[in-house]
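Student: Got a file for you: data00.pdb, PDB, C-alpha atoms.
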```pdb
ATOM      1  CA  MET B   1      -3.334 -12.236   5.755
ATOM      2  CA  GLU B   2      -2.058 -14.773   8.283
ATOM      3  CA  ASP B   3      -1.561 -13.801  11.917
ATOM      4  CA  SER B   4       2.196 -14.291  11.596
ATOM      5  CA  GLY B   5       2.270 -11.706   8.821
ATOM      6  CA  LYS B   6       0.325  -9.234  10.950
ATOM      7  CA  ARG B   7       2.671  -9.751  13.892
ATOM      8  CA  GLY B   8       5.624  -9.246  11.578
ATOM      9  CA  TRP B   9       4.243  -5.921  10.412
ATOM     10  CA  ILE B  10       3.610  -4.750  13.966
ATOM     11  CA  LEU B  11       7.027  -5.882  15.199
ATOM     12  CA  MET B  12       8.753  -4.212  12.270
ATOM     13  CA  ALA B  13       6.895  -0.929  12.815
ATOM     14  CA  LEU B  14       7.597  -0.844  16.570
ATOM     15  CA  MET B  15      11.249  -1.763  16.100
ATOM     16  CA  GLU B  16      11.646   0.845  13.366
ATOM     17  CA  LEU B  17      10.210   3.584  15.592
ATOM     18  CA  MET B  18      12.415   2.615  18.533
ATOM     19  CA  MET B  19      15.595   2.436  16.451
ATOM     20  CA  ALA B  20      14.932   5.586  14.451
ATOM     21  CA  ALA B  21      14.243   7.616  17.612
ATOM     22  CA  GLN B  22      17.844   7.145  18.814
ATOM     23  CA  ALA B  23      19.595   6.570  15.498
ATOM     24  CA  GLY B  24      22.802   8.478  14.903
ATOM     25  CA  GLU B  25      23.430   9.561  18.503
ATOM     26  CA  MET B  26      26.769   7.734  18.670
ATOM     27  CA  ILE B  27      28.219   9.375  15.554
ATOM     28  CA  THR B  28      30.733  12.175  16.186
ATOM     29  CA  GLY B  29      32.622  12.460  12.901
ATOM     30  CA  ASN B  30      32.628  11.963   9.148
ATOM     31  CA  GLY B  31      32.892   8.455   7.711
ATOM     32  CA  GLN B  32      31.313   6.745  10.710
ATOM     33  CA  LEU B  33      28.552   4.124  10.481
ATOM     34  CA  GLU B  34      26.136   3.295  13.307
ATOM     35  CA  TYR B  35      24.144   0.046  13.344
ATOM     36  CA  ARG B  36      22.361  -1.691  16.220
ATOM     37  CA  GLY B  37      24.282   0.213  18.887
ATOM     38  CA  TYR B  38      27.705  -0.337  17.295
ATOM     39  CA  LEU B  39      29.840   2.473  15.845
ATOM     40  CA  LEU B  40      32.140   1.556  12.981
ATOM     41  CA  GLY B  41      35.058   3.906  12.308
ATOM     42  CA  ASP B  42      35.380   5.254  15.853
ATOM     43  CA  ASP B  43      39.195   5.366  15.398
ATOM     44  CA  GLU B  44      39.622   3.502  18.685
ATOM     45  CA  THR B  45      38.542  -0.044  17.920
ATOM     46  CA  THR B  46      37.623   0.141  14.226
ATOM     47  CA  PHE B  47      39.166   2.252  11.478
ATOM     48  CA  MET B  48      37.390   3.026   8.209
ATOM     49  CA  ASP B  49      39.136   2.598   4.859
ATOM     50  CA  SER B  50      36.124   2.996   2.563
ATOM     51  CA  ILE B  51      32.333   2.963   2.373
ATOM     52  CA  THR B  52      30.785   2.079  -0.967
ATOM     53  CA  GLY B  53      27.165   2.163  -2.054
ATOM     54  CA  TRP B  54      26.156   5.146   0.080
ATOM     55  CA  ASP B  55      26.455   8.083  -2.298
ATOM     56  CA  ASP B  56      26.160   5.786  -5.323
ATOM     57  CA  LEU B  57      22.925   5.574  -7.273
ATOM     58  CA  PRO B  58      21.474   2.069  -6.702
ATOM     59  CA  GLY B  59      20.964  -0.281  -9.625
ATOM     60  CA  ILE B  60      18.129   0.917 -11.839
ATOM     61  CA  GLU B  61      15.366  -1.347 -13.116
ATOM     62  CA  SER B  62      14.262   0.039 -16.478
ATOM     63  CA  ALA B  63      10.891  -0.666 -18.073
ATOM     64  CA  ASN B  64      12.097   0.363 -21.539
ATOM     65  CA  THR B  65      10.723  -1.944 -24.238
ATOM     66  CA  SER B  66      12.542  -2.547 -27.512
ATOM     67  CA  ARG B  67      10.814  -1.235 -30.628
ATOM     68  CA  SER B  68      10.045  -3.906 -33.205
ATOM     69  CA  ASN B  69      10.144  -1.729 -36.340
ATOM     70  CA  SER B  70      12.701   0.955 -35.562
ATOM     71  CA  HIS B  71      15.850   1.661 -33.633
ATOM     72  CA  GLY B  72      15.767   2.162 -29.914
ATOM     73  CA  ALA B  73      13.070   1.444 -27.375
ATOM     74  CA  TRP B  74       9.811   2.724 -25.966
ATOM     75  CA  VAL B  75      10.531   4.716 -22.846
ATOM     76  CA  GLY B  76       9.404   3.095 -19.595
ATOM     77  CA  ARG B  77       9.541   4.001 -15.942
ATOM     78  CA  LYS B  78      12.857   3.792 -14.080
ATOM     79  CA  LEU B  79      12.850   2.398 -10.534
ATOM     80  CA  ALA B  80      15.790   2.072  -8.163
ATOM     81  CA  GLY B  81      16.630  -1.388  -6.873
ATOM     82  CA  GLN B  82      17.799  -2.122  -3.346
ATOM     83  CA  ARG B  83      20.820  -0.311  -1.943
ATOM     84  CA  VAL B  84      23.938  -2.348  -1.129
ATOM     85  CA  ILE B  85      26.381  -0.733   1.318
ATOM     86  CA  THR B  86      29.866  -2.114   2.034
ATOM     87  CA  TRP B  87      32.090  -0.941   4.894
ATOM     88  CA  ASN B  88      35.792  -1.779   4.639
ATOM     89  CA  GLY B  89      38.289  -1.143   7.400
ATOM     90  CA  ARG B  90      40.361  -2.582  10.199
ATOM     91  CA  PHE B  91      39.597  -3.962  13.645
ATOM     92  CA  SER B  92      42.354  -3.103  16.127
ATOM     93  CA  PRO B  93      41.477  -2.659  19.838
ATOM     94  CA  THR B  94      43.643  -0.326  21.892
ATOM     95  CA  HIS B  95      44.946  -3.218  24.035
ATOM     96  CA  PRO B  96      45.400  -6.950  23.207
ATOM     97  CA  SER B  97      43.417  -7.910  26.315
ATOM     98  CA  LEU B  98      40.328  -6.335  24.763
ATOM     99  CA  TRP B  99      40.592  -8.321  21.549
ATOM    100  CA  GLU B 100      38.323 -11.255  22.407
ATOM    101  CA  ALA B 101      35.552  -9.225  24.045
ATOM    102  CA  GLU B 102      35.542  -6.504  21.352
ATOM    103  CA  LEU B 103      35.565  -9.009  18.507
ATOM    104  CA  ARG B 104      32.622 -10.828  20.081
ATOM    105  CA  ARG B 105      30.758  -7.523  20.367
ATOM    106  CA  LEU B 106      31.410  -6.787  16.690
ATOM    107  CA  ARG B 107      30.224 -10.234  15.578
ATOM    108  CA  GLU B 108      27.045  -9.960  17.655
ATOM    109  CA  ALA B 109      26.177  -6.542  16.242
ATOM    110  CA  PHE B 110      26.794  -7.523  12.625
ATOM    111  CA  ASN B 111      25.003 -10.844  12.558
ATOM    112  CA  LEU B 112      22.007 -12.039  10.556
ATOM    113  CA  PRO B 113      18.585 -10.724  11.636
ATOM    114  CA  LEU B 114      16.221 -13.194  13.256
ATOM    115  CA  ASP B 115      13.542 -12.800  10.601
ATOM    116  CA  THR B 116      12.741 -10.042   8.097
ATOM    117  CA  GLU B 117      13.715  -7.166  10.402
ATOM    118  CA  GLU B 118      15.649  -4.256   8.996
ATOM    119  CA  TYR B 119      17.538  -1.916  11.292
ATOM    120  CA  ALA B 120      18.492   1.738  11.104
ATOM    121  CA  ILE B 121      21.838   2.346   9.385
ATOM    122  CA  VAL B 122      23.185   5.864   9.912
ATOM    123  CA  ILE B 123      26.205   7.189   8.027
ATOM    124  CA  GLN B 124      27.733  10.632   8.234
ATOM    125  CA  SER B 125      29.395  11.966   5.121
ATOM    126  CA  ILE B 126      30.789  15.510   5.168
ATOM    127  CA  GLY B 127      28.777  16.882   8.069
ATOM    128  CA  GLU B 128      25.527  15.234   6.929
ATOM    129  CA  LYS B 129      23.851  12.314   8.681
ATOM    130  CA  ARG B 130      21.328  10.193   6.818
ATOM    131  CA  LEU B 131      19.665   6.911   7.654
ATOM    132  CA  CYS B 132      18.288   3.982   5.732
ATOM    133  CA  PHE B 133      16.896   0.637   6.849
ATOM    134  CA  GLY B 134      18.705  -2.604   6.095
ATOM    135  CA  ALA B 135      20.353  -5.757   7.421
ATOM    136  CA  VAL B 136      23.753  -7.458   7.300
ATOM    137  CA  VAL B 137      24.169  -9.935   4.439
ATOM    138  CA  ALA B 138      27.946 -10.510   4.578
ATOM    139  CA  ARG B 139      30.777 -10.205   7.106
ATOM    140  CA  SER B 140      34.417 -10.942   6.325
ATOM    141  CA  ILE B 141      37.216 -11.099   8.932
ATOM    142  CA  PRO B 142      40.021 -13.088   7.255
ATOM    143  CA  MET B 143      42.652 -14.702   9.480
ATOM    144  CA  ASP B 144      45.822 -13.556   7.736
ATOM    145  CA  LYS B 145      49.326 -13.266   9.227
ATOM    146  CA  SER B 146      48.529  -9.971  10.971
ATOM    147  CA  TYR B 147      45.353 -11.297  12.588
ATOM    148  CA  GLY B 148      45.504 -10.948  16.355
ATOM    149  CA  TYR B 149      48.754  -8.978  16.337
ATOM    150  CA  TYR B 150      48.327  -5.823  14.295
ATOM    151  CA  GLY B 151      44.581  -5.925  13.773
ATOM    152  CA  ALA B 152      42.240  -7.669  11.385
ATOM    153  CA  ASN B 153      40.813  -6.601   8.059
ATOM    154  CA  VAL B 154      37.030  -6.280   8.225
ATOM    155  CA  ALA B 155      34.410  -6.012   5.477
ATOM    156  CA  ILE B 156      30.697  -5.774   6.283
ATOM    157  CA  GLN B 157      27.939  -5.599   3.691
ATOM    158  CA  PHE B 158      24.328  -4.480   4.119
ATOM    159  CA  GLU B 159      21.270  -4.794   1.911
ATOM    160  CA  CYS B 160      18.562  -2.135   2.139
ATOM    161  CA  SER B 161      15.274  -3.170   0.546
ATOM    162  CA  ASP B 162      14.301   0.517   0.430
ATOM    163  CA  PRO B 163      17.136   2.356  -1.364
ATOM    164  CA  ARG B 164      16.110   5.805  -0.118
ATOM    165  CA  ARG B 165      18.186   7.660   2.452
ATOM    166  CA  TYR B 166      16.209   9.631   5.000
ATOM    167  CA  SER B 167      16.721  12.631   7.239
ATOM    168  CA  LEU B 168      17.178  11.798  10.904
ATOM    169  CA  ASN B 169      14.566  14.334  11.914
ATOM    170  CA  GLU B 170      10.965  13.293  11.337
ATOM    171  CA  ASN B 171       8.450  15.879  10.140
ATOM    172  CA  ASN B 172       4.956  15.878  11.641
ATOM    173  CA  TRP B 173       1.787  17.664  10.543
ATOM    174  CA  THR B 174      -1.891  17.442  11.459
ATOM    175  CA  LEU B 175      -4.760  18.124   9.051
ATOM    176  CA  GLU B 176      -8.168  18.593  10.641
ATOM    177  CA  LEU B 177     -11.573  18.246   9.079
ATOM    178  CA  PRO B 178     -13.629  21.460   9.339
ATOM    179  CA  PRO B 179     -16.233  21.784  12.097
ATOM    180  CA  VAL B 180     -19.660  20.423  11.232
ATOM    181  CA  VAL B 181     -21.954  23.478  11.059
ATOM    182  CA  GLU B 182     -25.424  24.147   9.703
ATOM    183  CA  ASN B 183     -25.744  26.687   6.904
ATOM    184  CA  GLY B 184     -28.063  29.691   7.041
ATOM    185  CA  LEU B 185     -29.545  31.873   9.741
ATOM    186  CA  GLU B 186     -32.217  31.137  12.303
ATOM    187  CA  TYR B 187     -35.520  33.004  11.999
ATOM    188  CA  PRO B 188     -36.863  35.310  13.239
ATOM    189  CA  LEU B 189     -33.686  37.345  12.827
ATOM    190  CA  GLU B 190     -32.248  39.070  15.860
ATOM    191  CA  TYR B 191     -29.444  41.583  15.690
ATOM    192  CA  PRO B 192     -26.537  41.324  15.926
ATOM    193  CA  LEU B 193     -26.663  38.342  13.539
ATOM    194  CA  ASP B 194     -24.804  35.124  14.369
ATOM    195  CA  TYR B 195     -23.269  33.644  11.210
ATOM    196  CA  GLY B 196     -22.053  30.518  12.973
ATOM    197  CA  ILE B 197     -18.586  29.064  13.540
ATOM    198  CA  GLU B 198     -15.755  29.971  11.178
ATOM    199  CA  VAL B 199     -14.869  26.928   9.065
ATOM    200  CA  THR B 200     -11.189  25.976   9.360
ATOM    201  CA  SER B 201      -9.194  24.688   6.404
ATOM    202  CA  ASN B 202      -8.809  20.982   5.720
ATOM    203  CA  GLU B 203      -5.844  21.663   3.443
ATOM    204  CA  GLY B 204      -2.141  21.995   4.125
ATOM    205  CA  THR B 205       1.202  22.303   2.359
ATOM    206  CA  LEU B 206       3.807  19.688   3.274
ATOM    207  CA  ILE B 207       7.439  19.900   2.164
ATOM    208  CA  ASN B 208       9.723  17.004   1.264
ATOM    209  CA  ASP B 209      13.186  18.577   1.250
ATOM    210  CA  GLY B 210      14.655  15.704  -0.774
ATOM    211  CA  ASP B 211      14.980  14.551  -4.378
ATOM    212  CA  VAL B 212      12.709  11.489  -4.480
ATOM    213  CA  ILE B 213       9.167  10.606  -3.363
ATOM    214  CA  SER B 214       9.079  10.109   0.400
ATOM    215  CA  PRO B 215       6.659   7.593   1.972
ATOM    216  CA  VAL B 216       4.409   8.756   4.785
ATOM    217  CA  THR B 217       2.812   7.405   7.938
ATOM    218  CA  LEU B 218      -0.820   8.484   8.317
ATOM    219  CA  ILE B 219      -2.884   8.213  11.486
ATOM    220  CA  PHE B 220      -6.593   8.895  10.952
ATOM    221  CA  ASN B 221      -8.465   9.762  14.145
ATOM    222  CA  GLY B 222     -12.214   9.234  14.551
ATOM    223  CA  PRO B 223     -15.073   9.744  14.688
ATOM    224  CA  VAL B 224     -15.017   9.623  10.901
ATOM    225  CA  MET B 225     -16.539   7.634   8.036
ATOM    226  CA  ARG B 226     -14.621   6.803   4.838
ATOM    227  CA  PRO B 227     -11.600   9.047   5.451
ATOM    228  CA  ALA B 228      -9.366  10.012   2.547
ATOM    229  CA  LEU B 229      -6.186  12.001   1.961
ATOM    230  CA  LEU B 230      -5.536  13.600  -1.423
ATOM    231  CA  ASN B 231      -2.141  14.790  -2.652
ATOM    232  CA  LYS B 232      -3.209  17.430  -5.185
ATOM    233  CA  THR B 233       0.367  17.974  -6.336
ATOM    234  CA  ALA B 234       0.886  14.312  -7.274
ATOM    235  CA  ASN B 235      -2.807  13.751  -8.137
ATOM    236  CA  THR B 236      -2.935  10.656  -5.930
ATOM    237  CA  LYS B 237      -5.361   9.696  -3.178
ATOM    238  CA  LEU B 238      -5.719   7.151  -0.404
ATOM    239  CA  GLU B 239      -9.266   6.384   0.740
ATOM    240  CA  PHE B 240     -10.520   3.783   3.220
ATOM    241  CA  ASP B 241     -14.017   2.326   3.453
ATOM    242  CA  ILE B 242     -14.124   2.195   7.233
ATOM    243  CA  VAL B 243     -15.938   3.822  10.153
ATOM    244  CA  LEU B 244     -13.722   4.918  13.034
ATOM    245  CA  GLY B 245     -15.134   5.550  16.490
ATOM    246  CA  ALA B 246     -14.113   8.351  18.821
ATOM    247  CA  ASP B 247     -11.258   6.358  20.369
ATOM    248  CA  GLU B 248     -10.136   4.530  17.221
ATOM    249  CA  THR B 249      -7.254   5.178  14.843
ATOM    250  CA  LEU B 250      -6.241   3.864  11.440
ATOM    251  CA  GLU B 251      -2.482   3.784  10.927
ATOM    252  CA  VAL B 252      -1.283   3.694   7.316
ATOM    253  CA  ASN B 253       2.419   3.173   6.527
ATOM    254  CA  THR B 254       3.168   3.606   2.830
ATOM    255  CA  ARG B 255       6.781   2.443   3.256
ATOM    256  CA  THR B 256       5.945  -0.969   4.707
ATOM    257  CA  GLY B 257       2.523  -1.229   3.022
ATOM    258  CA  SER B 258       0.530  -1.763   6.225
ATOM    259  CA  VAL B 259      -2.906  -0.527   7.327
ATOM    260  CA  LEU B 260      -3.636  -1.202  11.010
ATOM    261  CA  LEU B 261      -6.706  -0.456  13.108
ATOM    262  CA  ASN B 262      -5.612   0.782  16.543
ATOM    263  CA  GLY B 263      -2.080  -0.347  15.682
ATOM    264  CA  VAL B 264      -3.019  -4.048  15.742
ATOM    265  CA  ALA B 265      -5.727  -5.323  13.375
ATOM    266  CA  ASP B 266      -5.035  -5.539   9.641
ATOM    267  CA  ARG B 267      -7.389  -3.323   7.607
ATOM    268  CA  LEU B 268      -5.551  -3.247   4.286
ATOM    269  CA  TYR B 269      -8.692  -4.547   2.572
ATOM    270  CA  THR B 270     -10.528  -1.288   3.391
ATOM    271  CA  ARG B 271      -8.493   0.636   0.800
ATOM    272  CA  THR B 272     -10.952   1.634  -1.918
ATOM    273  CA  ALA B 273     -10.592   0.840  -5.622
ATOM    274  CA  ASN B 274     -10.029   4.481  -6.577
ATOM    275  CA  SER B 275      -7.025   4.755  -4.253
ATOM    276  CA  ALA B 276      -3.416   4.805  -5.390
ATOM    277  CA  PRO B 277      -1.263   1.723  -4.724
ATOM    278  CA  LEU B 278      -0.188   1.991  -1.110
ATOM    279  CA  LEU B 279       3.565   1.822  -1.762
ATOM    280  CA  SER B 280       3.413   4.550  -4.419
ATOM    281  CA  PHE B 281       1.667   7.156  -2.250
ATOM    282  CA  GLY B 282       3.921   9.773  -0.709
ATOM    283  CA  LEU B 283       5.276  13.290  -0.914
ATOM    284  CA  MET B 284       6.852  14.557  -4.109
ATOM    285  CA  PRO B 285      10.141  16.469  -3.790
ATOM    286  CA  GLY B 286       9.304  20.044  -2.805
ATOM    287  CA  TYR B 287       5.835  21.358  -1.949
ATOM    288  CA  ASN B 288       2.794  19.088  -1.707
ATOM    289  CA  GLU B 289      -0.776  20.373  -1.425
ATOM    290  CA  MET B 290      -2.720  17.928   0.756
ATOM    291  CA  VAL B 291      -6.478  17.701   1.442
ATOM    292  CA  ILE B 292      -8.318  15.509   3.964
ATOM    293  CA  THR B 293     -11.915  14.530   3.178
ATOM    294  CA  ALA B 294     -14.579  12.160   4.526
ATOM    295  CA  GLU B 295     -18.249  11.292   4.098
ATOM    296  CA  GLU B 296     -19.149  11.999   7.732
ATOM    297  CA  TRP B 297     -17.081  13.199  10.637
ATOM    298  CA  ASP B 298     -17.015  14.798  14.040
ATOM    299  CA  SER B 299     -15.135  17.990  14.868
ATOM    300  CA  SER B 300     -12.256  16.023  16.445
ATOM    301  CA  ALA B 301     -11.549  13.986  13.292
ATOM    302  CA  ALA B 302      -8.120  14.569  11.768
ATOM    303  CA  VAL B 303      -5.146  12.892  10.132
ATOM    304  CA  GLY B 304      -1.594  13.057  11.419
ATOM    305  CA  VAL B 305       1.111  12.884   8.746
ATOM    306  CA  SER B 306       4.721  11.892   9.501
ATOM    307  CA  TRP B 307       7.546  11.735   6.982
ATOM    308  CA  ARG B 308      11.278  12.124   6.524
ATOM    309  CA  ASP B 309      13.011  14.008   3.725
ATOM    310  CA  ALA B 310      14.124  11.356   1.219
ATOM    311  CA  THR B 311      17.078  11.273  -1.180
ATOM    312  CA  LEU B 312      18.707   8.745  -3.488
TER     313      LEU B 312
END
```
For the structure just supplied, provide its representation as structure tokens.

Tutor:
Amino acid sequence: MEDSGKRGWILMALMELMMAAQAGEMITGNGQLEYRGYLLGDDETTFMDSITGWDDLPGIESANTSRSNSHGAWVGRKLAGQRVITWNGRFSPTHPSLWEAELRRLREAFNLPLDTEEYAIVIQSIGEKRLCFGAVVARSIPMDKSYGYYGANVAIQFECSDPRRYSLNENNWTLELPPVVENGLEYPLEYPLDYGIEVTSNEGTLINDGDVISPVTLIFNGPVMRPALLNKTANTKLEFDIVLGADETLEVNTRTGSVLLNGVADRLYTRTANSAPLLSFGLMPGYNEMVITAEEWDSSAAVGVSWRDATL
């Protein structure tokens, strides 16, 4: 992959973490939308009339194939397309002297992204805040006869390449590889006998409190050789043909499809052939039994798992 693509991945990941950490803090009531530090529907400068595309099911891409010799079709997989959100309302500052400055602030917040960045969009419905990642694709502020006197009609549209809506709170879990111990007893035997160190579990149960598969961010910590994470519930695995030193990490983001050594160098090519496609690996709705394995490891080797509950 070209260097520009790597930089884009890194920039997107850093920006996503920074935005998501503070996302939703401005929201105080139902029907409000927060995007890039701007709050729509605050009932002081902007007033919400409607939000469409938020609780709607996105367009579905069906893989059904028509039968040639009978009625109907062969059933195929159904995948959700991108989510399109439209906010409709009015722009009406509390005082006419604020009009120019506030309108400029609105235009700057809801402008086109510089590149392929997507920003956190947080919407509160009835007491529930959720976020998704998207960018502005349309902004309408028509200059009708009431423009500048009684307020302006405003319509803003967003496209979210990932249609899932996520919980604001991020879940974190760490799975450790068991200590490396030698089997058996040392001879001659001396009492009391020492049976060695108790082996800790390399399994854990992770919960996705949503209704659709949620992507995960994995951080493998060395020293470890050929680390792998298996989701026994979904029967999917991610394995990487790589050796990590004591101070090295491998960061895997199954939402953006990136694999980065120490957060910088692309290592997507280390994914083994018996691994699941990166973008399809995640947590099923409900309980997920996870297992971390490796060919060789040190006692400090582990994988950190981060995820958000995901809904459509």

Student: Dig up all the protein and nucleic acid residues within 12 Å of (8.0, 9.0, 0.9) in the file frame, using all atoms listed in the file, and format them as a PyMOL selection string.

Tutor: chain B and resi 162-167+170-171+206-218+253-257+278-286+288+305-312

Student: Write out as a PyMOL selection string each polymer residue whose atoms come within 10 Å of Tyr38 in chain B, counting all atoms listed in the file; drop sequence neighbours fewer than 5 positions from it.

Tutor: chain B and resi 26-27+33+105-106+108-110

Student: One decimal, in Å: what's the spacing between CA of Leu40 in chain B and CA of Ala155 in chain B?

Tutor: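 Spanning CA of Leu40 in chain B to CA of Ala155 in chain B is a straight-line distance of 10.9 Å.
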
Student: Which residues are close to Leu268 in chain B, i.e. within 9 Å by all atoms listed in the file, leaving aside same-chain residues fewer than 2 positions away? Reply as a VMD selection string.

Tutor: chain B and resid 240 252 257 to 260 266 270 to 271

Student: For the residues in that selection, give me C-alpha atoms as a tab-separated table (two decimals), in the frame of the given file.

Tutor:
```
chain	number	residue	atom	x	y	z
B	240	PHE	CA	-10.52	3.78	3.22
B	252	VAL	CA	-1.28	3.69	7.32
B	257	GLY	CA	2.52	-1.23	3.02
B	258	SER	CA	0.53	-1.76	6.22
B	259	VAL	CA	-2.91	-0.53	7.33
B	260	LEU	CA	-3.64	-1.20	11.01
B	266	ASP	CA	-5.04	-5.54	9.64
B	270	THR	CA	-10.53	-1.29	3.39
B	271	ARG	CA	-8.49	0.64	0.80
```

Student: Quick check on the file I pasted: which residues fall under the PyMOL selection byres ((chain B and resi 247) around 8)? Write them as a PDB file with C-alpha atoms, in the frame of the given file.

Tutor:
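Writing done, so here's out-v7.pdb:
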```pdb
ATOM      1  CA  ASN B 221      -8.465   9.762  14.145  1.00  0.00           C
ATOM      2  CA  GLY B 222     -12.214   9.234  14.551  1.00  0.00           C
ATOM      3  CA  PRO B 223     -15.073   9.744  14.688  1.00  0.00           C
ATOM      4  CA  LEU B 244     -13.722   4.918  13.034  1.00  0.00           C
ATOM      5  CA  GLY B 245     -15.134   5.550  16.490  1.00  0.00           C
ATOM      6  CA  ALA B 246     -14.113   8.351  18.821  1.00  0.00           C
ATOM      7  CA  GLU B 248     -10.136   4.530  17.221  1.00  0.00           C
ATOM      8  CA  THR B 249      -7.254   5.178  14.843  1.00  0.00           C
TER       9      THR B 249
END
```

Student: Spell out the residues picked by the PyMOL selection byres ((chain B and resi 121-131) around 9) here, as a count of residues only.

Tutor: 27

Student: Looking at all atoms listed in the file, which of B:Arg67, B:Arg90, B:Arg83, B:Lys78 is the one that sits closest to Gly41 in chain B?

Tutor: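 Using all atoms listed in the file, Gly41 in chain B sits closest to B:Arg90.
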
Student: Could you check how far CA of Glu44 in chain B sits from CA of Val136 in chain B, in Å to one decimal?

Tutor: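 If I compute the distance from CA of Glu44 in chain B to CA of Val136 in chain B, I get 22.4 Å.
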
Student: Between B:Leu103, B:Thr236, B:Gly151, B:Glu289, single out the one closest to Asn202 in chain B, counting all atoms listed in the file.

Tutor: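 Between B:Leu103, B:Thr236, B:Gly151, B:Glu289, the residue approaching Asn202 in chain B most closely is B:Glu289.
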
Student: Just the number, please: distance in Å from CA of Thr174 in chain B to CA of Glu296 in chain B, one decimal.

Tutor: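 Between CA of Thr174 in chain B and CA of Glu296 in chain B the gap works out to 18.5 Å.
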
Student: Given the choices B:Asn231, B:Val75, B:Ala138, B:Phe91, which gets closest to Leu39 in chain B if the distance is worked out from all atoms listed in the file?

Tutor: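 Using all atoms listed in the file, the shortest distance to Leu39 in chain B belongs to B:Phe91.
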
Student: Using all atoms listed in the file, can you tell me which of B:Met48, B:Lys237, B:Cys160, B:Asp42 comes closest to Ala80 in chain B?

Tutor: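 Residue with the minimum atom-to-atom distance to Ala80 in chain B: B:Cys160.
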
Student: Would you compute, for all listed atoms of range 155-165 of chain B, the axis-aligned bounding box grown by 5 Å on each side, and then report its centre and edge lengths in Å rounded to one decimal, as lines of an AutoDock Vina configuration file?

Tutor:
```
center_x = 24.4
center_y = 0.8
center_z = 2.5
size_x = 30.1
size_y = 23.7
size_z = 17.6
```

Student: Quick one: which residues end up in the PyMOL selection byres ((chain B and resi 299) around 9) for this structure, as a ChimeraX atom specification?

Tutor: /B:176-180,223,297-298,300-302

Student: Nearest to Phe47 in chain B among B:Pro277, B:Ala152, B:Ser62, B:Gly81, with distances taken over all atoms listed in the file: which residue is it?

Tutor: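 Looking at the shortest contact to Phe47 in chain B, the residue is B:Ala152.
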
Student: Would you kindly return, as number ranges by chain, each protein, DNA or RNA residue with an atom no farther than 8 Å from any atom of Val291 in chain B, considering all atoms listed in the file and excluding same-chain residues fewer than 2 positions away?

Tutor: B: 175, 202-204, 229-232, 289, 293

Student: Calculated over only C-alpha atoms, which of the candidates B:Val303, B:Ala234, B:Val84, B:Ala228 has the smallest distance to Glu159 in chain B?

Tutor: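 Closest to Glu159 in chain B of all the choices is B:Val84.
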
Student: Please complete range 241-250 of chain B so it has N, CA, C and O atoms, and hand it over as a PDB file, keeping the file's coordinate frame.

Tutor:
```
ATOM      1  N   ASP B 241     -12.598   2.572   3.189  1.00  0.00           N
ATOM      2  CA  ASP B 241     -14.017   2.326   3.453  1.00  0.00           C
ATOM      3  C   ASP B 241     -14.154   1.741   4.854  1.00  0.00           C
ATOM      4  O   ASP B 241     -14.273   0.530   5.041  1.00  0.00           O
ATOM      5  N   ILE B 242     -14.109   2.622   5.835  1.00  0.00           N
ATOM      6  CA  ILE B 242     -14.124   2.195   7.233  1.00  0.00           C
ATOM      7  C   ILE B 242     -14.776   3.287   8.070  1.00  0.00           C
ATOM      8  O   ILE B 242     -14.753   4.468   7.700  1.00  0.00           O
ATOM      9  N   VAL B 243     -15.374   2.889   9.181  1.00  0.00           N
ATOM     10  CA  VAL B 243     -15.938   3.822  10.153  1.00  0.00           C
ATOM     11  C   VAL B 243     -15.100   3.741  11.420  1.00  0.00           C
ATOM     12  O   VAL B 243     -14.955   2.666  12.012  1.00  0.00           O
ATOM     13  N   LEU B 244     -14.540   4.867  11.827  1.00  0.00           N
ATOM     14  CA  LEU B 244     -13.722   4.918  13.034  1.00  0.00           C
ATOM     15  C   LEU B 244     -14.507   5.589  14.151  1.00  0.00           C
ATOM     16  O   LEU B 244     -15.106   6.650  13.952  1.00  0.00           O
ATOM     17  N   GLY B 245     -14.493   4.961  15.330  1.00  0.00           N
ATOM     18  CA  GLY B 245     -15.134   5.550  16.490  1.00  0.00           C
ATOM     19  C   GLY B 245     -14.276   6.637  17.108  1.00  0.00           C
ATOM     20  O   GLY B 245     -13.163   6.926  16.655  1.00  0.00           O
ATOM     21  N   ALA B 246     -14.786   7.218  18.187  1.00  0.00           N
ATOM     22  CA  ALA B 246     -14.113   8.351  18.821  1.00  0.00           C
ATOM     23  C   ALA B 246     -12.724   7.987  19.339  1.00  0.00           C
ATOM     24  O   ALA B 246     -11.822   8.826  19.336  1.00  0.00           O
ATOM     25  N   ASP B 247     -12.535   6.761  19.788  1.00  0.00           N
ATOM     26  CA  ASP B 247     -11.258   6.358  20.369  1.00  0.00           C
ATOM     27  C   ASP B 247     -10.457   5.449  19.438  1.00  0.00           C
ATOM     28  O   ASP B 247      -9.516   4.778  19.881  1.00  0.00           O
ATOM     29  N   GLU B 248     -10.804   5.432  18.160  1.00  0.00           N
ATOM     30  CA  GLU B 248     -10.136   4.530  17.221  1.00  0.00           C
ATOM     31  C   GLU B 248      -9.234   5.297  16.260  1.00  0.00           C
ATOM     32  O   GLU B 248      -9.486   6.458  15.929  1.00  0.00           O
ATOM     33  N   THR B 249      -8.180   4.602  15.812  1.00  0.00           N
ATOM     34  CA  THR B 249      -7.254   5.178  14.843  1.00  0.00           C
ATOM     35  C   THR B 249      -6.995   4.168  13.730  1.00  0.00           C
ATOM     36  O   THR B 249      -7.101   2.960  13.931  1.00  0.00           O
ATOM     37  N   LEU B 250      -6.661   4.692  12.570  1.00  0.00           N
ATOM     38  CA  LEU B 250      -6.241   3.864  11.440  1.00  0.00           C
ATOM     39  C   LEU B 250      -4.851   4.324  11.042  1.00  0.00           C
ATOM     40  O   LEU B 250      -4.661   5.463  10.610  1.00  0.00           O
TER      41      LEU B 250
END
```
